[in-house]
>>> print(open('run14.txt').read())   # compact mmCIF, C-alpha atoms
# COMPACT_ATOMS: atom_id res chain seq x y z
CA MET A 1 81.37 94.15 132.61
CA LYS A 2 82.19 91.93 135.60
CA GLN A 3 85.47 90.91 133.96
CA LEU A 4 86.29 94.56 133.24
CA ASN A 5 85.58 95.58 136.85
CA LEU A 6 87.72 92.68 138.12
CA LEU A 7 90.59 93.76 135.84
CA ILE A 8 90.32 97.35 137.03
CA PHE A 9 90.25 96.23 140.69
CA THR A 10 93.22 93.90 140.22
CA SER A 11 95.23 96.59 138.44
CA PHE A 12 94.42 99.14 141.13
CA PHE A 13 95.36 96.69 143.90
CA THR A 14 98.65 95.80 142.20
CA LEU A 15 99.56 99.44 141.59
CA ASN A 16 98.66 100.30 145.17
CA ILE A 17 100.86 97.52 146.59
CA PHE A 18 103.71 98.52 144.26
CA GLY A 19 103.28 102.13 145.30
CA GLN A 20 103.41 101.16 148.97
CA GLN A 21 106.60 99.21 148.39
CA GLN A 22 108.16 102.13 146.57
CA ASP A 23 107.01 104.49 149.32
CA PHE A 24 108.56 102.30 152.01
CA LYS A 25 111.80 102.07 150.05
CA SER A 26 111.90 105.85 149.60
CA LEU A 27 111.13 106.34 153.27
CA ALA A 28 113.97 103.95 154.11
CA PHE A 29 116.43 105.95 151.99
CA GLU A 30 115.26 109.19 153.62
CA ALA A 31 115.62 107.73 157.12
CA PHE A 32 119.11 106.45 156.33
CA ASN A 33 120.20 109.85 155.02
CA ASN A 34 119.03 111.27 158.35
CA GLU A 35 121.12 108.56 160.07
CA ASN A 36 118.03 106.95 161.60
CA TYR A 37 119.17 103.43 160.83
CA PRO A 38 116.49 101.49 162.81
CA LEU A 39 113.69 103.34 160.98
CA ALA A 40 115.39 102.75 157.64
CA ILE A 41 115.60 99.01 158.36
CA SER A 42 111.98 98.91 159.50
CA ASN A 43 110.77 100.50 156.27
CA LEU A 44 112.83 98.11 154.16
CA LEU A 45 111.32 95.14 155.98
CA LYS A 46 107.83 96.50 155.24
CA ALA A 47 108.74 96.86 151.57
CA LEU A 48 110.05 93.29 151.59
CA GLU A 49 106.64 91.96 152.69
CA THR A 50 105.18 92.83 149.31
CA ASN A 51 108.19 91.78 147.25
CA PRO A 52 110.24 89.03 148.92
CA ASN A 53 112.44 88.51 145.85
CA ASP A 54 113.75 92.06 145.47
CA LYS A 55 117.56 91.75 145.55
CA GLU A 56 117.95 95.49 146.12
CA LEU A 57 115.88 95.36 149.31
CA TYR A 58 118.06 92.58 150.72
CA TYR A 59 121.19 94.49 149.74
CA TYR A 60 120.09 97.65 151.53
CA LEU A 61 118.99 95.63 154.56
CA GLY A 62 122.51 94.20 154.80
CA TYR A 63 124.05 97.61 154.17
CA TYR A 64 121.89 99.46 156.71
CA THR A 65 122.12 96.71 159.32
CA HIS A 66 125.92 96.94 159.06
CA TYR A 67 125.76 100.70 159.61
CA ASN A 68 123.38 100.28 162.53
CA ALA A 69 125.89 97.96 164.23
CA TYR A 70 129.07 99.97 163.71
CA ASP A 71 128.18 103.58 162.87
CA SER A 72 125.50 104.36 165.45
CA ARG A 73 125.53 104.47 169.23
CA PRO A 74 126.13 101.10 170.96
CA LEU A 75 123.23 98.70 170.39
CA LYS A 76 121.55 97.24 173.45
CA GLY A 77 122.06 93.48 173.46
CA TYR A 78 124.48 93.54 170.52
CA ASP A 79 126.65 90.50 169.93
CA LEU A 80 128.14 88.75 166.92
CA ASN A 81 124.79 87.10 166.15
CA TYR A 82 123.83 90.51 164.81
CA SER A 83 126.58 90.08 162.24
CA ASP A 84 124.88 86.86 161.09
CA THR A 85 121.87 89.00 160.16
CA VAL A 86 124.06 91.16 157.93
CA PHE A 87 125.48 88.07 156.23
CA TYR A 88 121.97 86.61 155.85
CA PHE A 89 120.66 89.63 153.94
CA LEU A 90 123.75 89.90 151.72
CA ASN A 91 123.70 86.17 151.00
CA LYS A 92 120.06 86.53 149.93
CA THR A 93 121.13 89.30 147.54
CA LEU A 94 123.91 87.16 146.08
CA ALA A 95 121.59 84.16 145.75
CA LEU A 96 119.30 86.32 143.59
CA ASP A 97 122.21 87.93 141.72
CA PRO A 98 125.67 86.31 142.11
CA ASN A 99 127.26 89.32 140.37
CA TYR A 100 125.88 91.99 142.72
CA GLY A 101 129.23 93.68 143.34
CA ASP A 102 128.19 96.08 146.09
CA ALA A 103 126.78 93.18 148.11
CA LYS A 104 130.23 91.59 147.91
CA TYR A 105 131.76 94.87 149.07
CA PHE A 106 129.56 95.06 152.17
CA TYR A 107 130.06 91.35 152.81
CA THR A 108 133.80 92.06 152.87
CA THR A 109 133.31 95.11 155.07
CA GLU A 110 131.32 92.99 157.54
CA CYS A 111 134.11 90.41 157.50
CA GLY A 112 136.56 93.24 158.18
CA ALA A 113 134.50 94.38 161.18
CA ASN A 114 134.51 90.82 162.54
CA ALA A 115 138.25 90.54 161.91
CA PHE A 116 138.76 93.75 163.89
CA HIS A 117 136.70 92.27 166.73
CA SER A 118 138.85 89.13 166.57
CA LEU A 119 141.94 91.34 166.84
CA GLN A 120 140.51 92.83 170.02
CA GLN A 121 139.99 89.33 171.42
CA LYS A 122 143.53 88.38 170.32
CA ASP A 123 141.99 85.62 168.22
CA TYR A 124 144.43 86.00 165.35
CA LYS A 125 143.41 82.74 163.68
CA ASN A 126 139.82 83.98 163.43
CA PHE A 127 141.11 87.33 162.14
CA VAL A 128 142.66 85.56 159.15
CA GLU A 129 139.64 83.30 158.63
CA TYR A 130 137.29 86.26 158.24
CA TYR A 131 139.45 87.75 155.50
CA ASN A 132 139.64 84.38 153.77
CA LYS A 133 135.86 84.20 154.01
CA ALA A 134 135.60 87.56 152.24
CA PHE A 135 137.99 86.36 149.53
CA LYS A 136 135.92 83.24 148.88
CA ILE A 137 132.76 85.30 148.33
CA GLY A 138 134.59 87.42 145.74
CA GLY A 139 135.30 90.40 147.98
CA PHE A 140 138.91 90.78 146.80
CA PRO A 141 138.81 90.52 142.98
CA ASP A 142 141.98 90.66 140.91
CA TRP A 143 141.80 94.39 140.15
CA LEU A 144 141.51 95.16 143.86
CA THR A 145 144.40 92.99 145.06
CA GLU A 146 146.46 94.48 142.22
CA TYR A 147 145.63 97.94 143.60
CA GLY A 148 146.53 96.85 147.15
CA ARG A 149 149.91 95.49 146.05
CA LEU A 150 150.70 98.73 144.25
CA ILE A 151 149.89 100.72 147.40
CA LEU A 152 152.14 98.51 149.55
CA ASN A 153 154.90 98.54 146.96
CA GLN A 154 155.11 102.34 147.13
CA VAL A 155 156.09 102.02 150.80
CA ASP A 156 159.77 101.50 151.59
CA LYS A 157 160.90 98.54 153.66
CA ASN A 158 159.67 98.52 157.29
CA GLY A 159 157.43 101.51 156.62
CA ILE A 160 154.43 102.72 158.59
CA LEU A 161 151.33 103.22 156.42
CA PHE A 162 148.23 105.10 157.57
CA THR A 163 145.07 104.19 155.65
CA HIS A 164 141.63 105.75 155.29
CA GLY A 165 138.45 103.76 154.73
CA ASP A 166 137.49 100.08 154.70
CA LEU A 167 138.55 99.41 151.11
CA GLN A 168 142.23 100.26 151.59
CA LEU A 169 142.57 98.74 155.06
CA ASN A 170 140.80 95.46 154.31
CA THR A 171 142.70 94.97 151.05
CA CYS A 172 146.09 95.65 152.65
CA TRP A 173 145.39 93.45 155.68
CA TYR A 174 144.08 90.63 153.46
CA LEU A 175 147.28 90.74 151.39
CA GLN A 176 149.49 90.85 154.48
CA PHE A 177 147.86 88.26 156.70
CA CYS A 178 146.33 85.88 154.15
CA GLU A 179 148.86 86.04 151.33
CA GLY A 180 151.92 87.02 153.37
CA TYR A 181 152.59 90.05 151.16
CA ARG A 182 154.72 92.95 152.51
CA THR A 183 154.36 91.93 156.13
CA ASP A 184 157.24 94.29 157.01
CA ILE A 185 154.83 97.25 156.83
CA THR A 186 152.71 98.34 159.80
CA VAL A 187 149.32 99.28 158.34
CA ILE A 188 147.29 101.53 160.64
CA PRO A 189 143.76 102.86 160.07
CA LEU A 190 144.03 106.42 161.40
CA ALA A 191 140.35 106.61 162.35
CA VAL A 192 140.67 103.93 165.05
CA LEU A 193 143.52 105.51 166.99
CA ASN A 194 140.92 106.20 169.66
CA ARG A 195 140.61 102.50 170.61
CA PRO A 196 142.90 101.59 173.52
CA PHE A 197 143.07 97.91 172.58
CA PHE A 198 144.26 98.75 169.05
CA ILE A 199 146.86 101.27 170.24
CA ASN A 200 148.14 98.60 172.64
CA GLU A 201 148.21 96.08 169.77
CA ILE A 202 150.35 98.24 167.50
CA LYS A 203 152.63 99.20 170.38
CA ASN A 204 153.27 95.73 171.76
CA GLY A 205 153.18 93.88 168.45
CA ASN A 206 151.38 90.66 169.29
CA PHE A 207 150.25 90.27 165.68
CA ILE A 208 150.63 93.51 163.71
CA PRO A 209 154.27 94.61 163.23
CA PRO A 210 154.90 96.88 166.25
CA ILE A 211 155.73 100.56 166.22
CA LYS A 212 157.73 102.52 168.75
CA MET A 213 155.71 104.48 171.32
CA ASN A 214 156.95 106.18 174.48
CA ILE A 215 153.73 106.11 176.48
CA SER A 216 152.80 103.41 178.97
CA ASP A 217 150.03 100.84 178.69
CA GLU A 218 148.26 102.61 181.56
CA GLN A 219 148.30 105.90 179.63
CA ILE A 220 146.87 104.09 176.61
CA MET A 221 143.99 102.65 178.63
CA ASP A 222 143.32 106.12 180.06
CA ILE A 223 143.28 107.86 176.67
CA HIS A 224 140.86 110.79 176.42
CA PRO A 225 140.62 114.22 174.71
CA TYR A 226 143.31 116.62 175.97
CA LYS A 227 143.07 120.38 176.54
CA TRP A 228 145.02 121.97 173.73
CA LYS A 229 145.78 125.16 171.87
CA GLU A 230 147.69 125.42 168.59
CA THR A 231 151.24 124.41 169.39
CA THR A 232 154.36 124.04 167.28
CA ILE A 233 155.91 120.66 167.87
CA GLU A 234 159.60 120.51 166.98
CA ILE A 235 160.89 117.07 166.06
CA PRO A 236 164.66 116.57 165.71
CA VAL A 237 165.83 115.48 162.25
CA PRO A 238 168.93 113.22 161.91
CA ASP A 239 171.98 114.73 160.22
CA GLU A 240 171.79 112.29 157.30
CA LEU A 241 168.27 113.47 156.43
CA LYS A 242 169.26 117.10 156.84
CA GLU A 243 172.10 116.60 154.36
CA LYS A 244 170.04 114.44 152.00
CA TYR A 245 167.35 117.08 151.59
CA GLY A 246 169.51 120.17 151.95
CA MET A 247 167.71 121.40 155.07
CA GLN A 248 168.87 124.52 156.89
CA THR A 249 167.83 123.20 160.30
CA ASN A 250 167.76 119.94 162.23
CA LEU A 251 164.14 120.43 163.26
CA MET A 252 160.78 119.61 161.74
CA SER A 253 158.31 122.29 162.89
CA TRP A 254 154.76 120.89 162.94
CA GLU A 255 151.91 123.16 163.98
CA VAL A 256 149.38 120.93 165.72
CA SER A 257 145.93 122.42 166.15
CA PRO A 258 143.08 121.21 168.39
CA ASP A 259 140.47 119.27 166.43
CA LEU A 260 137.69 119.24 169.04
CA LYS A 261 136.56 122.83 169.43
CA GLY A 262 133.99 124.36 171.75
CA VAL A 263 134.05 126.38 174.96
CA ARG A 264 137.42 124.70 175.51
CA ASP A 265 139.54 123.29 172.70
CA PHE A 266 140.80 119.72 172.84
CA LEU A 267 143.13 117.38 171.02
CA SER A 268 141.24 114.23 170.01
CA CYS A 269 142.51 110.78 170.96
CA GLU A 270 143.34 110.07 167.32
CA ARG A 271 145.44 113.19 166.89
CA ALA A 272 147.18 112.74 170.24
CA ILE A 273 148.25 109.20 169.33
CA LEU A 274 149.31 110.26 165.82
CA LEU A 275 151.50 112.93 167.42
CA GLU A 276 152.95 110.30 169.77
CA ILE A 277 153.73 107.93 166.90
CA ILE A 278 155.50 110.58 164.80
CA GLU A 279 157.51 111.90 167.76
CA SER A 280 158.52 108.46 169.04
CA ASN A 281 159.45 107.16 165.60
CA LYS A 282 162.31 109.71 165.31
CA TRP A 283 162.57 109.05 161.56
CA GLU A 284 163.72 105.49 162.22
CA ARG A 285 160.98 104.12 159.94
CA PRO A 286 159.56 105.87 156.85
CA VAL A 287 155.98 107.07 157.31
CA TYR A 288 153.28 107.18 154.61
CA TRP A 289 149.56 107.71 154.18
CA THR A 290 147.27 106.62 151.37
CA LEU A 291 145.81 108.78 148.64
CA GLY A 292 142.27 109.84 149.55
CA MET A 293 143.08 110.37 153.21
CA ASP A 294 140.78 112.87 154.92
CA ASN A 295 143.31 115.56 155.82
CA ARG A 296 141.44 116.35 159.03
CA TYR A 297 142.91 113.15 160.46
CA LEU A 298 146.45 114.19 159.52
CA GLY A 299 146.43 117.31 161.68
CA GLY A 300 148.60 119.33 159.29
CA LEU A 301 150.95 116.53 158.24
CA ASP A 302 149.57 116.75 154.71
CA SER A 303 151.74 119.82 154.08
CA PHE A 304 154.80 117.62 154.71
CA GLY A 305 153.81 115.00 152.14
CA SER A 306 155.69 113.95 149.00
CA TYR A 307 153.24 112.59 146.43
CA LYS A 308 154.16 109.18 144.98
CA GLY A 309 150.93 108.25 143.18
CA LEU A 310 148.93 106.07 145.55
CA VAL A 311 150.59 107.22 148.77
CA TYR A 312 152.32 110.26 150.26
CA LYS A 313 155.60 110.00 152.13
CA LEU A 314 156.21 112.12 155.23
CA MET A 315 159.12 114.56 154.79
CA PRO A 316 160.80 116.59 157.56
CA PHE A 317 159.82 119.90 155.91
CA THR A 318 156.86 121.41 154.08
CA THR A 319 157.03 120.32 150.46
CA LYS A 320 154.78 122.76 148.60
CA GLY A 321 156.71 124.53 145.86
CA THR A 322 159.78 122.32 146.27
CA LYS A 323 161.12 119.58 143.99
CA PHE A 324 160.01 117.09 146.66
CA GLU A 325 156.32 117.96 146.35
CA SER A 326 155.96 115.11 143.83
CA ASP A 327 158.29 112.15 143.47
CA ILE A 328 158.81 111.89 139.69
CA TYR A 329 160.77 108.66 139.94
CA ALA A 330 158.04 106.97 142.00
CA LEU A 331 155.34 108.15 139.59
CA GLU A 332 157.22 106.83 136.57
CA LEU A 333 157.87 103.54 138.36
CA LEU A 334 154.17 103.19 139.17
CA LEU A 335 153.01 103.94 135.65
CA ASP A 336 154.21 100.77 134.00
CA SER A 337 151.79 98.63 131.99
CA LYS A 338 152.81 95.46 133.82
CA ASN A 339 151.36 96.99 137.02
CA PHE A 340 147.85 97.09 135.56
CA GLU A 341 147.41 93.73 133.88
CA LYS A 342 144.30 92.94 135.95
CA TYR A 343 142.67 96.36 135.76
CA ASP A 344 140.21 95.50 132.97
CA THR A 345 138.77 92.62 135.04
CA ILE A 346 136.94 95.35 136.94
CA LEU A 347 134.33 95.25 134.16
CA LYS A 348 133.27 91.72 135.20
CA THR A 349 133.71 91.99 138.96
CA ASN A 350 132.79 95.61 139.54
CA GLN A 351 131.92 96.93 143.00
CA PRO A 352 130.34 100.25 141.94
CA ARG A 353 130.23 101.73 145.44
CA VAL A 354 134.04 101.83 145.67
CA SER A 355 135.51 100.96 142.28
CA LYS A 356 135.51 104.62 141.19
CA ASN A 357 138.30 105.22 143.72
CA ILE A 358 140.66 102.98 141.78
CA PRO A 359 140.75 104.74 138.36
CA TYR A 360 140.79 108.08 140.19
CA GLY A 361 144.03 107.16 141.94
CA TYR A 362 145.67 105.95 138.75
CA SER A 363 144.43 108.87 136.64
CA ASN A 364 145.53 111.39 139.25
CA ALA A 365 149.07 110.02 139.06
CA ILE A 366 149.05 110.21 135.25
CA MET A 367 147.83 113.82 135.24
CA LYS A 368 150.38 114.89 137.84
CA LEU A 369 153.19 113.40 135.77
CA ALA A 370 151.76 115.02 132.62
CA ASP A 371 151.80 118.41 134.38
CA ILE A 372 155.45 117.90 135.30
CA TYR A 373 156.30 116.94 131.73
CA LYS A 374 154.44 120.01 130.45
CA GLU A 375 156.39 122.30 132.79
CA ASN A 376 159.62 120.78 131.43
CA ASN A 377 158.36 120.96 127.82
CA GLN A 378 158.65 117.16 127.47
CA LEU A 379 155.79 116.91 124.98
CA GLU A 380 156.77 113.50 123.62
CA LYS A 381 156.45 112.03 127.10
CA ILE A 382 152.93 113.49 127.40
CA LYS A 383 152.02 111.69 124.18
CA GLU A 384 153.38 108.47 125.70
CA LEU A 385 151.20 109.02 128.77
CA LYS A 386 148.15 109.54 126.56
CA ASP A 387 148.85 106.26 124.75
CA PHE A 388 149.45 104.58 128.12
CA TYR A 389 146.13 105.81 129.50
CA LYS A 390 144.24 104.77 126.37
CA LYS A 391 145.75 101.29 126.44
CA ASN A 392 145.35 100.55 130.14
CA PHE A 393 142.44 102.58 131.51
CA ASN A 394 140.14 103.59 128.67
CA VAL A 395 138.13 100.37 129.09
CA GLY A 396 134.55 101.67 129.27
CA LEU A 397 134.08 101.41 133.04
CA PHE A 398 133.19 105.09 133.50
CA PRO A 399 132.98 106.47 129.94
CA GLU A 400 132.50 110.13 130.91
CA PHE A 401 135.34 109.94 133.43
CA GLU A 402 137.64 108.26 130.91
CA GLU A 403 136.74 110.75 128.18
CA TYR A 404 137.45 113.64 130.56
CA TYR A 405 140.99 112.39 131.25
CA MET A 406 141.66 111.67 127.58
CA ASN A 407 140.65 115.28 126.82
CA GLN A 408 142.86 116.57 129.61
CA LEU A 409 145.83 114.67 128.21
CA ASN A 410 145.07 116.03 124.75
>>> encode(input="run14.txt", output="structure tokens")
Amino acid sequence: MKQLNLLIFTSFFTLNIFGQQQDFKSLAFEAFNNENYPLAISNLLKALETNPNDKELYYYLGYYTHYNAYDSRPLKGYDLNYSDTVFYFLNKTLALDPNYGDAKYFYTTECGANAFHSLQQKDYKNFVEYYNKAFKIGGFPDWLTEYGRLILNQVDKNGILFTHGDLQLNTCWYLQFCEGYRTDITVIPLAVLNRPFFINEIKNGNFIPPIKMNISDEQIMDIHPYKWKETTIEIPVPDELKEKYGMQTNLMSWEVSPDLKGVRDFLSCERAILLEIIESNKWERPVYWTLGMDNRYLGGLDSFGSYKGLVYKLMPFTTKGTKFESDIYALELLLDSKNFEKYDTILKTNQPRVSKNIPYGYSNAIMKLADIYKENNQLEKIKELKDFYKKNFNVGLFPEFEEYYMNQLN
């Protein structure tokens, strides 16, 4: 009877501790969803007390600590030692599971944040070292650098490329500044065009290939939201472009709306600088943005985009319903088996948080080309696309996703 009572007590105690841990973890997830990052971290630390070898707890501590540093209001007493805490938690995860792909993703994202800080300090050597550090941990696997090269290769020489999100930016900057790949392109994360130091960097070209801007350094340092109502901005188009595209006018008419609305409407810093870049460029350099861009950042430029597969190219006219809406040649050039030789390595080095973006981009290009072939009654070419998809992308990464696209091609 004593042994039975002891067993019951032990089982109850164990279940109670496990339940507390699960409760703290659930509370942490709830707090994070409410963007209360300090509370989320606190609950994870409480859960860790009862299970110090839970790799998932360390992963979320690294993840949430990263968000607390960069996606919340400024932290009192913050310095780069805080970044060491992020690396500590993620290293603990990887020590428990060396193949924890999402830990490698956030490790790379933290390196990217430190690289961006180094850029602000004009410490370009440290900028490169942080990206090399991410590479060494496995943050840029073969399938991802393959994807980054394909993005950059869809941009013409000396192009300007706007990116969206850490994955695209970090991959492109790693390839440019660590491998010396397509350094002719100026890669700009649209979301940070509210940072005076970065605007100054891309204007004056100390490290990143410079772009033309017609505002002064003083105006950059004084950047702020500007009173604004919807205004049509007319940008002159060179004669050679007018003739090339059969335009009836020498003007690009871009309706720019305020994106900060309230009692008074304002143009955000990001949109004001984007407008400055496009106006000052005067079509001297081709302009692109990556697939997956949040169109709110583009301020209406999305209607001037020509779809190439992984990027859109800015045209001097609205493209919807025209033959320039999709670039058939660029799509066919992209969809070549030799471009995807490393894709199946994603099965071994998966980063589930972001890897779904990769097959989406490729599959989207295939379906767009299939639609064009269908409109032109080129049924044999659709069959070739189906065989191409089956050979290169039907690898078992996301079975339901892959089956859906196979059915669509059928």
>>> atom_distance(input="run14.txt", atom1="CA of Thr249 in chain A", atom2="CA of Tyr307 in chain A")
22.8 Å
>>> atom_distance(input="run14.txt", atom1="CA of Phe29 in chain A", atom2="CA of Pro189 in chain A")
28.7 Å
>>> residues_around(input="run14.txt", residues="range 122-139 of chain A", least_positions_apart="2", cutoff="10 Å", atoms="all atoms listed in the file", output="mmCIF file with C-alpha atoms, in the frame of the given file")
data_model
loop_
_atom_site.group_PDB
_atom_site.id
_atom_site.type_symbol
_atom_site.label_atom_id
_atom_site.label_comp_id
_atom_site.auth_asym_id
_atom_site.auth_seq_id
_atom_site.Cartn_x
_atom_site.Cartn_y
_atom_site.Cartn_z
ATOM 1 C CA ASN A 91 123.700 86.170 151.000
ATOM 2 C CA LEU A 94 123.910 87.160 146.080
ATOM 3 C CA PRO A 98 125.670 86.310 142.110
ATOM 4 C CA ASN A 99 127.260 89.320 140.370
ATOM 5 C CA GLY A 101 129.230 93.680 143.340
ATOM 6 C CA ASP A 102 128.190 96.080 146.090
ATOM 7 C CA ALA A 103 126.780 93.180 148.110
ATOM 8 C CA LYS A 104 130.230 91.590 147.910
ATOM 9 C CA TYR A 105 131.760 94.870 149.070
ATOM 10 C CA PHE A 106 129.560 95.060 152.170
ATOM 11 C CA TYR A 107 130.060 91.350 152.810
ATOM 12 C CA THR A 108 133.800 92.060 152.870
ATOM 13 C CA THR A 109 133.310 95.110 155.070
ATOM 14 C CA GLU A 110 131.320 92.990 157.540
ATOM 15 C CA CYS A 111 134.110 90.410 157.500
ATOM 16 C CA GLY A 112 136.560 93.240 158.180
ATOM 17 C CA ALA A 113 134.500 94.380 161.180
ATOM 18 C CA ASN A 114 134.510 90.820 162.540
ATOM 19 C CA ALA A 115 138.250 90.540 161.910
ATOM 20 C CA PHE A 116 138.760 93.750 163.890
ATOM 21 C CA HIS A 117 136.700 92.270 166.730
ATOM 22 C CA SER A 118 138.850 89.130 166.570
ATOM 23 C CA LEU A 119 141.940 91.340 166.840
ATOM 24 C CA GLN A 120 140.510 92.830 170.020
ATOM 25 C CA PRO A 141 138.810 90.520 142.980
ATOM 26 C CA ASP A 142 141.980 90.660 140.910
ATOM 27 C CA LEU A 144 141.510 95.160 143.860
ATOM 28 C CA THR A 145 144.400 92.990 145.060
ATOM 29 C CA ASN A 170 140.800 95.460 154.310
ATOM 30 C CA THR A 171 142.700 94.970 151.050
ATOM 31 C CA TRP A 173 145.390 93.450 155.680
ATOM 32 C CA TYR A 174 144.080 90.630 153.460
ATOM 33 C CA LEU A 175 147.280 90.740 151.390
ATOM 34 C CA GLN A 176 149.490 90.850 154.480
ATOM 35 C CA PHE A 177 147.860 88.260 156.700
ATOM 36 C CA CYS A 178 146.330 85.880 154.150
ATOM 37 C CA GLU A 179 148.860 86.040 151.330
ATOM 38 C CA PHE A 197 143.070 97.910 172.580
ATOM 39 C CA GLU A 201 148.210 96.080 169.770
ATOM 40 C CA ASN A 206 151.380 90.660 169.290
ATOM 41 C CA PHE A 207 150.250 90.270 165.680
ATOM 42 C CA ILE A 208 150.630 93.510 163.710
ATOM 43 C CA THR A 349 133.710 91.990 138.960
ATOM 44 C CA GLN A 351 131.920 96.930 143.000
#
>>> residues_around(input="run14.txt", residues="range 283-286 of chain A", least_positions_apart="2", cutoff="12 Å", atoms="all atoms listed in the file", output="PDB file with C-alpha atoms, in the frame of the given file")
ATOM      1  CA  GLN A 154     155.110 102.340 147.130  1.00  0.00           C
ATOM      2  CA  VAL A 155     156.090 102.020 150.800  1.00  0.00           C
ATOM      3  CA  ASP A 156     159.770 101.500 151.590  1.00  0.00           C
ATOM      4  CA  LYS A 157     160.900  98.540 153.660  1.00  0.00           C
ATOM      5  CA  ASN A 158     159.670  98.520 157.290  1.00  0.00           C
ATOM      6  CA  GLY A 159     157.430 101.510 156.620  1.00  0.00           C
ATOM      7  CA  ILE A 160     154.430 102.720 158.590  1.00  0.00           C
ATOM      8  CA  LEU A 161     151.330 103.220 156.420  1.00  0.00           C
ATOM      9  CA  PHE A 162     148.230 105.100 157.570  1.00  0.00           C
ATOM     10  CA  ASP A 184     157.240  94.290 157.010  1.00  0.00           C
ATOM     11  CA  ILE A 185     154.830  97.250 156.830  1.00  0.00           C
ATOM     12  CA  THR A 186     152.710  98.340 159.800  1.00  0.00           C
ATOM     13  CA  PRO A 210     154.900  96.880 166.250  1.00  0.00           C
ATOM     14  CA  ILE A 211     155.730 100.560 166.220  1.00  0.00           C
ATOM     15  CA  LYS A 212     157.730 102.520 168.750  1.00  0.00           C
ATOM     16  CA  ILE A 235     160.890 117.070 166.060  1.00  0.00           C
ATOM     17  CA  PRO A 236     164.660 116.570 165.710  1.00  0.00           C
ATOM     18  CA  VAL A 237     165.830 115.480 162.250  1.00  0.00           C
ATOM     19  CA  PRO A 238     168.930 113.220 161.910  1.00  0.00           C
ATOM     20  CA  ASP A 239     171.980 114.730 160.220  1.00  0.00           C
ATOM     21  CA  GLU A 240     171.790 112.290 157.300  1.00  0.00           C
ATOM     22  CA  LEU A 241     168.270 113.470 156.430  1.00  0.00           C
ATOM     23  CA  LYS A 242     169.260 117.100 156.840  1.00  0.00           C
ATOM     24  CA  LEU A 251     164.140 120.430 163.260  1.00  0.00           C
ATOM     25  CA  MET A 252     160.780 119.610 161.740  1.00  0.00           C
ATOM     26  CA  ILE A 277     153.730 107.930 166.900  1.00  0.00           C
ATOM     27  CA  ILE A 278     155.500 110.580 164.800  1.00  0.00           C
ATOM     28  CA  GLU A 279     157.510 111.900 167.760  1.00  0.00           C
ATOM     29  CA  SER A 280     158.520 108.460 169.040  1.00  0.00           C
ATOM     30  CA  ASN A 281     159.450 107.160 165.600  1.00  0.00           C
ATOM     31  CA  TYR A 288     153.280 107.180 154.610  1.00  0.00           C
ATOM     32  CA  TRP A 289     149.560 107.710 154.180  1.00  0.00           C
ATOM     33  CA  GLY A 305     153.810 115.000 152.140  1.00  0.00           C
ATOM     34  CA  SER A 306     155.690 113.950 149.000  1.00  0.00           C
ATOM     35  CA  TYR A 312     152.320 110.260 150.260  1.00  0.00           C
ATOM     36  CA  LYS A 313     155.600 110.000 152.130  1.00  0.00           C
ATOM     37  CA  LEU A 314     156.210 112.120 155.230  1.00  0.00           C
ATOM     38  CA  MET A 315     159.120 114.560 154.790  1.00  0.00           C
ATOM     39  CA  PRO A 316     160.800 116.590 157.560  1.00  0.00           C
TER      40      PRO A 316
END
>>> atom_distance(input="run14.txt", atom1="CA of Asn153 in chain A", atom2="CA of Pro399 in chain A")
28.9 Å
>>> build_atoms(input="run14.txt", residues="range 239-245 of chain A", atoms="N, CA, C and O atoms", output="compact mmCIF listing (two decimals), in the frame of the given file")
# COMPACT_ATOMS: atom_id res chain seq x y z
N ASP A 239 171.07 114.01 161.12
CA ASP A 239 171.98 114.73 160.22
C ASP A 239 171.93 114.20 158.79
O ASP A 239 172.00 114.96 157.83
N GLU A 240 171.78 112.86 158.65
CA GLU A 240 171.79 112.29 157.30
C GLU A 240 170.59 112.76 156.49
O GLU A 240 170.70 112.98 155.27
N LEU A 241 169.44 112.95 157.14
CA LEU A 241 168.27 113.47 156.43
C LEU A 241 168.44 114.95 156.13
O LEU A 241 168.03 115.42 155.06
N LYS A 242 169.01 115.67 157.07
CA LYS A 242 169.26 117.10 156.84
C LYS A 242 170.14 117.29 155.61
O LYS A 242 169.86 118.13 154.74
N GLU A 243 171.19 116.50 155.50
CA GLU A 243 172.10 116.60 154.36
C GLU A 243 171.44 116.10 153.08
O GLU A 243 171.62 116.70 152.01
N LYS A 244 170.68 115.02 153.18
CA LYS A 244 170.04 114.44 152.00
C LYS A 244 169.10 115.43 151.33
O LYS A 244 169.05 115.53 150.10
N TYR A 245 168.36 116.17 152.14
CA TYR A 245 167.35 117.08 151.59
C TYR A 245 167.80 118.54 151.57
O TYR A 245 167.02 119.42 151.21
